[in-house]
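Report on one structure; see the data block that follows.
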Amino acid sequence: METHPMSLDGSEKSPESKDLITSNTASTLCISSRSESVWTNTPRNKWEIYHKPIVVVSVGGAIFLFGVVVTSLSCFIETNKNVYKMCGPAFLSLGLMLLVCGFVWIPVIRKKQRQRQKSHFFQNIKSFFFNR
């Protein structure tokens, strides 16, 4: 049989109920959420909004250029030609994939920002009419 620890006041409580009592679900949800802007109304600058796709595009461009260099090495260097011919297109495709993902991510973020602005606008109108 499993014994549960006694609490300070002497009453017995299961670990599950103890976790439920001591957990702060609102703060936990806020901390673990993906975007903090949902919980805070502070305006964010452009860098905070677009830094992830910019980094993905930059890394993708660098990998793509590295793939171009490695592929072109297979034309000029005779030693290890098969390695260059195998690795070059792999870096090309990986870099191109990251470039496309980053460039597609930017309009998705813009659309999300517009929807959020519309949502705030309608929320303000709703609160204006219904809170009188």
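Each chain in the structure tokens gets a letter, A, B and so on, in the order shown; residues start at 1 in every chain, and ligands are counted from 1 in the order they appear.
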
Near Pro89 (chain A), counting only C-alpha atoms, which residues have an atom at most 10 Å away, once you skip same-chain residues fewer than 6 positions from it, shown as a PDB file with N, CA and C atoms, in the first residue's frame?
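Okay, out.pdb is ready:
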```pdb
ATOM      1  N   PHE A  64      22.445  28.032 -48.923  1.00  0.00           N
ATOM      2  CA  PHE A  64      22.293  27.959 -50.377  1.00  0.00           C
ATOM      3  C   PHE A  64      23.582  28.390 -51.079  1.00  0.00           C
ATOM      4  N   GLY A  67      26.123  25.775 -50.778  1.00  0.00           N
ATOM      5  CA  GLY A  67      25.835  24.710 -51.738  1.00  0.00           C
ATOM      6  C   GLY A  67      26.286  25.063 -53.139  1.00  0.00           C
ATOM      7  N   VAL A  68      26.137  26.330 -53.511  1.00  0.00           N
ATOM      8  CA  VAL A  68      26.607  26.778 -54.828  1.00  0.00           C
ATOM      9  C   VAL A  68      28.125  26.627 -54.910  1.00  0.00           C
ATOM     10  N   VAL A  70      30.110  24.608 -53.099  1.00  0.00           N
ATOM     11  CA  VAL A  70      30.506  23.193 -53.076  1.00  0.00           C
ATOM     12  C   VAL A  70      30.201  22.531 -54.423  1.00  0.00           C
ATOM     13  N   THR A  71      29.065  22.876 -55.029  1.00  0.00           N
ATOM     14  CA  THR A  71      28.730  22.307 -56.331  1.00  0.00           C
ATOM     15  C   THR A  71      29.707  22.784 -57.402  1.00  0.00           C
ATOM     16  N   GLY A  95      19.228  24.814 -48.346  1.00  0.00           N
ATOM     17  CA  GLY A  95      19.208  26.273 -48.316  1.00  0.00           C
ATOM     18  C   GLY A  95      17.989  26.849 -49.009  1.00  0.00           C
TER      19      GLY A  95
END
```

ask   = Which residues come within 9 Å of region 97-112 of chain A, counting only C-alpha atoms, excluding same-chain residues fewer than 3 positions away, as a list in words?
value = Ile49, Tyr50, Lys52, Pro53, Ile54, Val55, Val56, Val57, Ser58, Val59, Gly60, Gly61, Ile63, Phe64, Leu92, Ser93, Leu94, Gln115, Arg116 and Gln117 of chain A

Write the selection just made, keeping N, CA and C atoms, as a tab-separated table (two decimals), in the first residue's frame?
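What landed in out.tsv:
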```tsv
chain	number	residue	atom	x	y	z
A	49	ILE	N	8.75	41.18	-34.10
A	49	ILE	CA	7.75	40.44	-34.87
A	49	ILE	C	8.41	39.59	-35.95
A	50	TYR	N	9.38	40.16	-36.67
A	50	TYR	CA	9.92	39.50	-37.85
A	50	TYR	C	11.30	38.89	-37.67
A	52	LYS	N	12.40	36.04	-36.34
A	52	LYS	CA	12.55	34.61	-36.64
A	52	LYS	C	12.58	34.33	-38.15
A	53	PRO	N	11.64	34.88	-38.95
A	53	PRO	CA	11.75	34.62	-40.38
A	53	PRO	C	12.99	35.24	-41.01
A	54	ILE	N	13.45	36.38	-40.48
A	54	ILE	CA	14.67	36.99	-41.01
A	54	ILE	C	15.86	36.08	-40.76
A	55	VAL	N	15.92	35.48	-39.58
A	55	VAL	CA	17.02	34.56	-39.27
A	55	VAL	C	16.94	33.32	-40.16
A	56	VAL	N	15.73	32.80	-40.37
A	56	VAL	CA	15.57	31.61	-41.22
A	56	VAL	C	16.00	31.92	-42.65
A	57	VAL	N	15.60	33.09	-43.17
A	57	VAL	CA	15.99	33.48	-44.53
A	57	VAL	C	17.50	33.66	-44.61
A	58	SER	N	18.10	34.29	-43.61
A	58	SER	CA	19.55	34.50	-43.62
A	58	SER	C	20.33	33.19	-43.60
A	59	VAL	N	19.92	32.28	-42.73
A	59	VAL	CA	20.59	30.97	-42.65
A	59	VAL	C	20.37	30.20	-43.95
A	60	GLY	N	19.15	30.26	-44.48
A	60	GLY	CA	18.87	29.58	-45.75
A	60	GLY	C	19.70	30.12	-46.89
A	61	GLY	N	19.86	31.44	-46.93
A	61	GLY	CA	20.70	32.04	-47.97
A	61	GLY	C	22.16	31.63	-47.84
A	63	ILE	N	23.32	28.85	-46.42
A	63	ILE	CA	23.46	27.43	-46.79
A	63	ILE	C	23.35	27.26	-48.30
A	64	PHE	N	22.45	28.03	-48.92
A	64	PHE	CA	22.29	27.96	-50.38
A	64	PHE	C	23.58	28.39	-51.08
A	92	LEU	N	22.33	22.85	-51.50
A	92	LEU	CA	21.48	23.70	-52.33
A	92	LEU	C	20.01	23.53	-51.97
A	93	SER	N	19.58	22.29	-51.87
A	93	SER	CA	18.16	22.04	-51.59
A	93	SER	C	17.78	22.45	-50.17
A	94	LEU	N	18.66	22.20	-49.21
A	94	LEU	CA	18.38	22.61	-47.83
A	94	LEU	C	18.30	24.13	-47.72
A	115	GLN	N	-5.27	40.29	-38.54
A	115	GLN	CA	-6.40	39.66	-37.86
A	115	GLN	C	-6.43	40.06	-36.39
A	116	ARG	N	-5.26	40.16	-35.77
A	116	ARG	CA	-5.19	40.56	-34.37
A	116	ARG	C	-5.67	42.01	-34.20
A	117	GLN	N	-5.29	42.89	-35.15
A	117	GLN	CA	-5.75	44.27	-35.08
A	117	GLN	C	-7.26	44.36	-35.25
```

key: 10 Å contact set for Ser74 (chain A), only C-alpha atoms, chain neighbours under 5 positions out, as number ranges by chain   = A: 69, 79-88

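The space separating CA of Phe130 (chain A) from CA of Arg44 (chain A) comes to 28.9 Å.
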
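Taking CA of Asn45 (chain A) and CA of Ile125 (chain A) as endpoints, the distance between them is 25.1 Å.
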
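When only C-alpha atoms are used to compute distances to Phe66 (chain A), the closest of the residues A:His120, A:Phe129, A:Trp47, A:Phe91 turns out to be A:Phe91.
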